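Source file: input.pdb. Holds: PDB, N, CA and C atoms and all ligand atoms.
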```
ATOM      1  N   MET A 498      64.107  53.197 177.034
ATOM      2  CA  MET A 498      64.249  51.819 176.512
ATOM      3  C   MET A 498      63.004  51.377 175.764
ATOM      4  N   ASN A 499      63.187  50.887 174.609
ATOM      5  CA  ASN A 499      62.051  50.280 173.931
ATOM      6  C   ASN A 499      62.307  48.785 173.743
ATOM      7  N   GLY A 500      61.250  48.072 173.484
ATOM      8  CA  GLY A 500      61.370  46.616 173.372
ATOM      9  C   GLY A 500      61.693  46.156 171.979
ATOM     10  N   HIS A 501      62.523  46.920 171.322
ATOM     11  CA  HIS A 501      62.832  46.558 169.944
ATOM     12  C   HIS A 501      63.602  45.243 169.880
ATOM     13  N   LYS A 502      63.122  44.391 169.056
ATOM     14  CA  LYS A 502      63.780  43.087 168.857
ATOM     15  C   LYS A 502      64.421  43.063 167.482
ATOM     16  N   ASP A 503      65.673  42.735 167.479
ATOM     17  CA  ASP A 503      66.233  42.514 166.145
ATOM     18  C   ASP A 503      66.641  41.064 165.989
ATOM     19  N   GLU A 504      66.287  40.549 164.873
ATOM     20  CA  GLU A 504      66.559  39.137 164.625
ATOM     21  C   GLU A 504      67.687  38.966 163.637
ATOM     22  N   VAL A 505      68.848  39.311 164.103
ATOM     23  CA  VAL A 505      70.007  39.168 163.234
ATOM     24  C   VAL A 505      70.797  37.909 163.571
ATOM     25  N   ALA A 506      70.341  37.217 164.600
ATOM     26  CA  ALA A 506      71.074  36.044 165.067
ATOM     27  C   ALA A 506      71.151  34.961 163.998
ATOM     28  N   LYS A 507      70.031  34.748 163.359
ATOM     29  CA  LYS A 507      70.020  33.688 162.351
ATOM     30  C   LYS A 507      70.496  34.207 161.017
ATOM     31  N   GLN A 508      71.525  33.550 160.523
ATOM     32  CA  GLN A 508      72.065  33.953 159.240
ATOM     33  C   GLN A 508      71.397  33.173 158.132
ATOM     34  N   ASN A 509      70.763  33.903 157.279
ATOM     35  CA  ASN A 509      70.193  33.276 156.096
ATOM     36  C   ASN A 509      70.949  33.753 154.874
ATOM     37  N   TRP A 510      71.514  32.795 154.183
ATOM     38  CA  TRP A 510      72.205  33.178 152.968
ATOM     39  C   TRP A 510      71.181  33.620 151.947
ATOM     40  N   GLN A 511      71.429  34.749 151.368
ATOM     41  CA  GLN A 511      70.525  35.173 150.315
ATOM     42  C   GLN A 511      71.283  35.787 149.154
ATOM     43  N   CYS A 512      70.650  35.706 148.020
ATOM     44  CA  CYS A 512      71.250  36.237 146.812
ATOM     45  C   CYS A 512      71.321  37.755 146.921
ATOM     46  N   TYR A 513      72.487  38.290 146.667
ATOM     47  CA  TYR A 513      72.622  39.740 146.801
ATOM     48  C   TYR A 513      71.936  40.478 145.667
ATOM     49  N   LYS A 514      71.622  39.740 144.612
ATOM     50  CA  LYS A 514      70.937  40.374 143.482
ATOM     51  C   LYS A 514      69.426  40.353 143.680
ATOM     52  N   CYS A 515      68.909  39.151 143.999
ATOM     53  CA  CYS A 515      67.458  38.967 144.042
ATOM     54  C   CYS A 515      66.889  39.143 145.443
ATOM     55  N   LYS A 516      67.742  39.135 146.440
ATOM     56  CA  LYS A 516      67.319  39.277 147.834
ATOM     57  C   LYS A 516      66.343  38.174 148.263
ATOM     58  N   ILE A 517      66.582  36.995 147.751
ATOM     59  CA  ILE A 517      65.788  35.857 148.179
ATOM     60  C   ILE A 517      66.726  34.803 148.767
ATOM     61  N   PRO A 518      66.202  33.979 149.690
ATOM     62  CA  PRO A 518      67.042  32.958 150.312
ATOM     63  C   PRO A 518      67.537  31.932 149.294
ATOM     64  N   MET A 519      68.772  31.532 149.466
ATOM     65  CA  MET A 519      69.331  30.530 148.571
ATOM     66  C   MET A 519      69.037  29.146 149.119
ATOM     67  N   SER A 520      68.988  28.173 148.224
ATOM     68  CA  SER A 520      68.730  26.814 148.669
ATOM     69  C   SER A 520      69.735  25.863 148.048
ATOM     70  N   MET A 521      69.889  24.703 148.681
ATOM     71  CA  MET A 521      70.839  23.729 148.180
ATOM     72  C   MET A 521      70.373  23.161 146.851
ATOM     73  N   GLY A 522      71.300  23.032 145.966
ATOM     74  CA  GLY A 522      70.954  22.465 144.671
ATOM     75  C   GLY A 522      72.194  21.946 143.974
ATOM     76  N   LYS A 523      71.956  21.076 143.039
ATOM     77  CA  LYS A 523      73.072  20.521 142.279
ATOM     78  C   LYS A 523      73.585  21.552 141.297
ATOM     79  N   VAL A 524      74.882  21.734 141.329
ATOM     80  CA  VAL A 524      75.504  22.641 140.389
ATOM     81  C   VAL A 524      76.492  21.846 139.552
ATOM     82  N   LYS A 525      76.382  22.004 138.258
ATOM     83  CA  LYS A 525      77.264  21.260 137.366
ATOM     84  C   LYS A 525      78.527  22.051 137.087
ATOM     85  N   ILE A 526      79.628  21.376 137.294
ATOM     86  CA  ILE A 526      80.918  22.021 137.079
ATOM     87  C   ILE A 526      81.781  21.135 136.203
ATOM     88  N   THR A 527      82.428  21.738 135.258
ATOM     89  CA  THR A 527      83.324  20.972 134.402
ATOM     90  C   THR A 527      84.753  21.170 134.867
ATOM     91  N   TYR A 528      85.404  20.052 135.140
ATOM     92  CA  TYR A 528      86.765  20.097 135.655
ATOM     93  C   TYR A 528      87.599  19.028 134.972
ATOM     94  N   MET A 529      88.652  19.436 134.337
ATOM     95  CA  MET A 529      89.550  18.537 133.625
ATOM     96  C   MET A 529      88.796  17.602 132.668
ATOM     97  N   GLY A 530      87.855  18.188 131.966
ATOM     98  CA  GLY A 530      87.125  17.434 130.953
ATOM     99  C   GLY A 530      86.013  16.561 131.491
ATOM    100  N   ASN A 531      85.837  16.569 132.800
ATOM    101  CA  ASN A 531      84.759  15.770 133.385
ATOM    102  C   ASN A 531      83.697  16.670 133.995
ATOM    103  N   ASP A 532      82.459  16.216 133.916
ATOM    104  CA  ASP A 532      81.373  16.973 134.537
ATOM    105  C   ASP A 532      81.086  16.431 135.925
ATOM    106  N   PHE A 533      80.966  17.321 136.871
ATOM    107  CA  PHE A 533      80.654  16.941 138.234
ATOM    108  C   PHE A 533      79.423  17.693 138.702
ATOM    109  N   ASN A 534      78.634  17.015 139.527
ATOM    110  CA  ASN A 534      77.502  17.688 140.159
ATOM    111  C   ASN A 534      77.764  17.791 141.649
ATOM    112  N   ILE A 535      77.797  18.996 142.145
ATOM    113  CA  ILE A 535      78.032  19.204 143.564
ATOM    114  C   ILE A 535      76.846  19.942 144.166
ATOM    115  N   ASP A 536      76.594  19.654 145.437
ATOM    116  CA  ASP A 536      75.547  20.376 146.147
ATOM    117  C   ASP A 536      76.094  21.703 146.637
ATOM    118  N   LEU A 537      75.483  22.750 146.162
ATOM    119  CA  LEU A 537      75.906  24.076 146.587
ATOM    120  C   LEU A 537      74.682  24.927 146.873
ATOM    121  N   LEU A 538      74.883  25.922 147.707
ATOM    122  CA  LEU A 538      73.803  26.877 147.926
ATOM    123  C   LEU A 538      73.690  27.742 146.683
ATOM    124  N   LYS A 539      72.515  27.753 146.119
ATOM    125  CA  LYS A 539      72.377  28.591 144.937
ATOM    126  C   LYS A 539      71.023  29.289 144.902
ATOM    127  N   CYS A 540      70.991  30.331 144.132
ATOM    128  CA  CYS A 540      69.773  31.107 143.985
ATOM    129  C   CYS A 540      68.916  30.473 142.908
ATOM    130  N   SER A 541      67.658  30.202 143.260
ATOM    131  CA  SER A 541      66.780  29.550 142.291
ATOM    132  C   SER A 541      66.315  30.533 141.225
ATOM    133  N   GLU A 542      66.529  31.799 141.484
ATOM    134  CA  GLU A 542      66.073  32.824 140.550
ATOM    135  C   GLU A 542      67.082  33.060 139.432
ATOM    136  N   CYS A 543      68.310  33.354 139.806
ATOM    137  CA  CYS A 543      69.302  33.701 138.792
ATOM    138  C   CYS A 543      70.403  32.660 138.659
ATOM    139  N   GLY A 544      70.393  31.660 139.572
ATOM    140  CA  GLY A 544      71.366  30.588 139.451
ATOM    141  C   GLY A 544      72.730  30.909 140.055
ATOM    142  N   LEU A 545      72.801  32.030 140.730
ATOM    143  CA  LEU A 545      74.052  32.413 141.370
ATOM    144  C   LEU A 545      74.394  31.444 142.490
ATOM    145  N   THR A 546      75.654  31.019 142.550
ATOM    146  CA  THR A 546      76.063  30.118 143.620
ATOM    147  C   THR A 546      76.768  30.895 144.713
ATOM    148  N   LEU A 547      76.684  30.342 145.912
ATOM    149  CA  LEU A 547      77.264  31.020 147.063
ATOM    150  C   LEU A 547      78.787  30.994 146.996
ATOM    151  N   VAL A 548      79.330  29.853 146.652
ATOM    152  CA  VAL A 548      80.780  29.767 146.586
ATOM    153  C   VAL A 548      81.243  30.007 145.162
ATOM    154  N   SER A 549      82.441  30.468 145.054
ATOM    155  CA  SER A 549      82.985  30.709 143.725
ATOM    156  C   SER A 549      83.301  29.379 143.064
ATOM    157  N   GLU A 550      83.411  29.424 141.767
ATOM    158  CA  GLU A 550      83.705  28.199 141.044
ATOM    159  C   GLU A 550      85.065  27.652 141.466
ATOM    160  N   ASP A 551      85.953  28.546 141.777
ATOM    161  CA  ASP A 551      87.286  28.163 142.202
ATOM    162  C   ASP A 551      87.237  27.314 143.465
ATOM    163  N   LEU A 552      86.413  27.773 144.414
ATOM    164  CA  LEU A 552      86.273  27.058 145.678
ATOM    165  C   LEU A 552      85.581  25.721 145.448
ATOM    166  N   ALA A 553      84.627  25.726 144.551
ATOM    167  CA  ALA A 553      83.895  24.501 144.246
ATOM    168  C   ALA A 553      84.830  23.460 143.652
ATOM    169  N   VAL A 554      85.723  23.909 142.803
ATOM    170  CA  VAL A 554      86.690  22.997 142.187
ATOM    171  C   VAL A 554      87.619  22.432 143.252
ATOM    172  N   ARG A 555      87.991  23.276 144.184
ATOM    173  CA  ARG A 555      88.862  22.810 145.277
ATOM    174  C   ARG A 555      88.156  21.764 146.127
ATOM    175  N   LYS A 556      86.895  22.021 146.397
ATOM    176  CA  LYS A 556      86.095  21.104 147.190
ATOM    177  C   LYS A 556      85.975  19.762 146.464
ATOM    178  N   MET A 557      85.797  19.875 145.167
ATOM    179  CA  MET A 557      85.657  18.681 144.355
ATOM    180  C   MET A 557      86.959  17.895 144.332
ATOM    181  N   PHE A 558      88.057  18.621 144.298
ATOM    182  CA  PHE A 558      89.372  18.000 144.279
ATOM    183  C   PHE A 558      89.579  17.201 145.558
ATOM    184  N   GLU A 559      89.101  17.747 146.672
ATOM    185  CA  GLU A 559      89.188  17.035 147.951
ATOM    186  C   GLU A 559      88.387  15.756 147.905
ATOM    187  N   VAL A 560      87.215  15.824 147.296
ATOM    188  CA  VAL A 560      86.363  14.644 147.168
ATOM    189  C   VAL A 560      87.080  13.593 146.328
ATOM    190  N   GLU A 561      87.705  14.069 145.282
ATOM    191  CA  GLU A 561      88.438  13.185 144.405
ATOM    192  C   GLU A 561      89.550  12.460 145.157
ATOM    193  N   GLN A 562      90.251  13.211 145.976
ATOM    194  CA  GLN A 562      91.348  12.637 146.748
ATOM    195  C   GLN A 562      90.835  11.613 147.756
ATOM    196  N   THR A 563      89.696  11.921 148.332
ATOM    197  CA  THR A 563      89.075  10.997 149.292
ATOM    198  C   THR A 563      88.743   9.678 148.618
ATOM    199  N   LEU A 564      88.287   9.787 147.390
ATOM    200  CA  LEU A 564      87.936   8.589 146.639
ATOM    201  C   LEU A 564      89.182   7.764 146.314
ATOM    202  N   GLU A 565      90.250   8.476 145.985
ATOM    203  CA  GLU A 565      91.482   7.780 145.626
ATOM    204  C   GLU A 565      92.145   7.127 146.827
ATOM    205  N   ASP A 566      91.869   7.665 147.989
ATOM    206  CA  ASP A 566      92.464   7.135 149.215
ATOM    207  C   ASP A 566      91.963   5.720 149.524
ATOM    208  N   LYS A 567      90.796   5.403 149.029
ATOM    209  CA  LYS A 567      90.185   4.116 149.394
ATOM    210  C   LYS A 567      90.889   2.938 148.730
TER     211      LYS A 567
HETATM  212 ZN    ZN B   1      69.555  35.572 142.482
END
```
Now that the file is in, can you turn its structure into C-alpha cells?
Ligand SMILES: [Zn+2]
Amino acid sequence: MNGHKDEVAKQNWQCYKCKIPMSMGKVKITYMGNDFNIDLLKCSECGLTLVSEDLAVRKMFEVEQTLEDK
C-alpha cells in the first residue's frame, strides 16, 4: 500500500484544446435577429464555450418564456 492521493473529486471544467480552466463570461448569441448576452463557462484563451450554441439558445428560450410569464 502506498499513500497515493488522487484528487479527482473536484471537477474543474477545462478547455480540451488549451487545457486551462474555463471561467464564467458573457457570451453573445444571436437568436431570431436579437442579440443576447448569456453567462456561460468559456475559455479565455480560445473563446470556446462549454455548452453548445444549441443548448445556449434553449436556455435563452427558457429565460424568454420566464419573462413572458410575468
Ligand atoms: Zn481554449
Picked residues, the PyMOL selection byres (((not hetatm) and name CA) within 12 of (chain B and resi 1)), expected as a PyMOL selection string:
chain A and resi 510-520+538-547
Between atom C of Ile535 of chain A and atom N of Asp551 of chain A - distance in Å to one decimal:
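Straight-line distance from atom N of Asp551 of chain A to atom C of Ile535 of chain A works out to 12.8 Å.
From atom CA of Asn534 of chain A back to atom CA of Gly522 of chain A, the distance works out to 9.3 Å.
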Interatomic distance (Å, one decimal) between atom N of Val554 of chain A and atom N of Tyr528 of chain A
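Distance reported for this atom pair: 8.6 Å.
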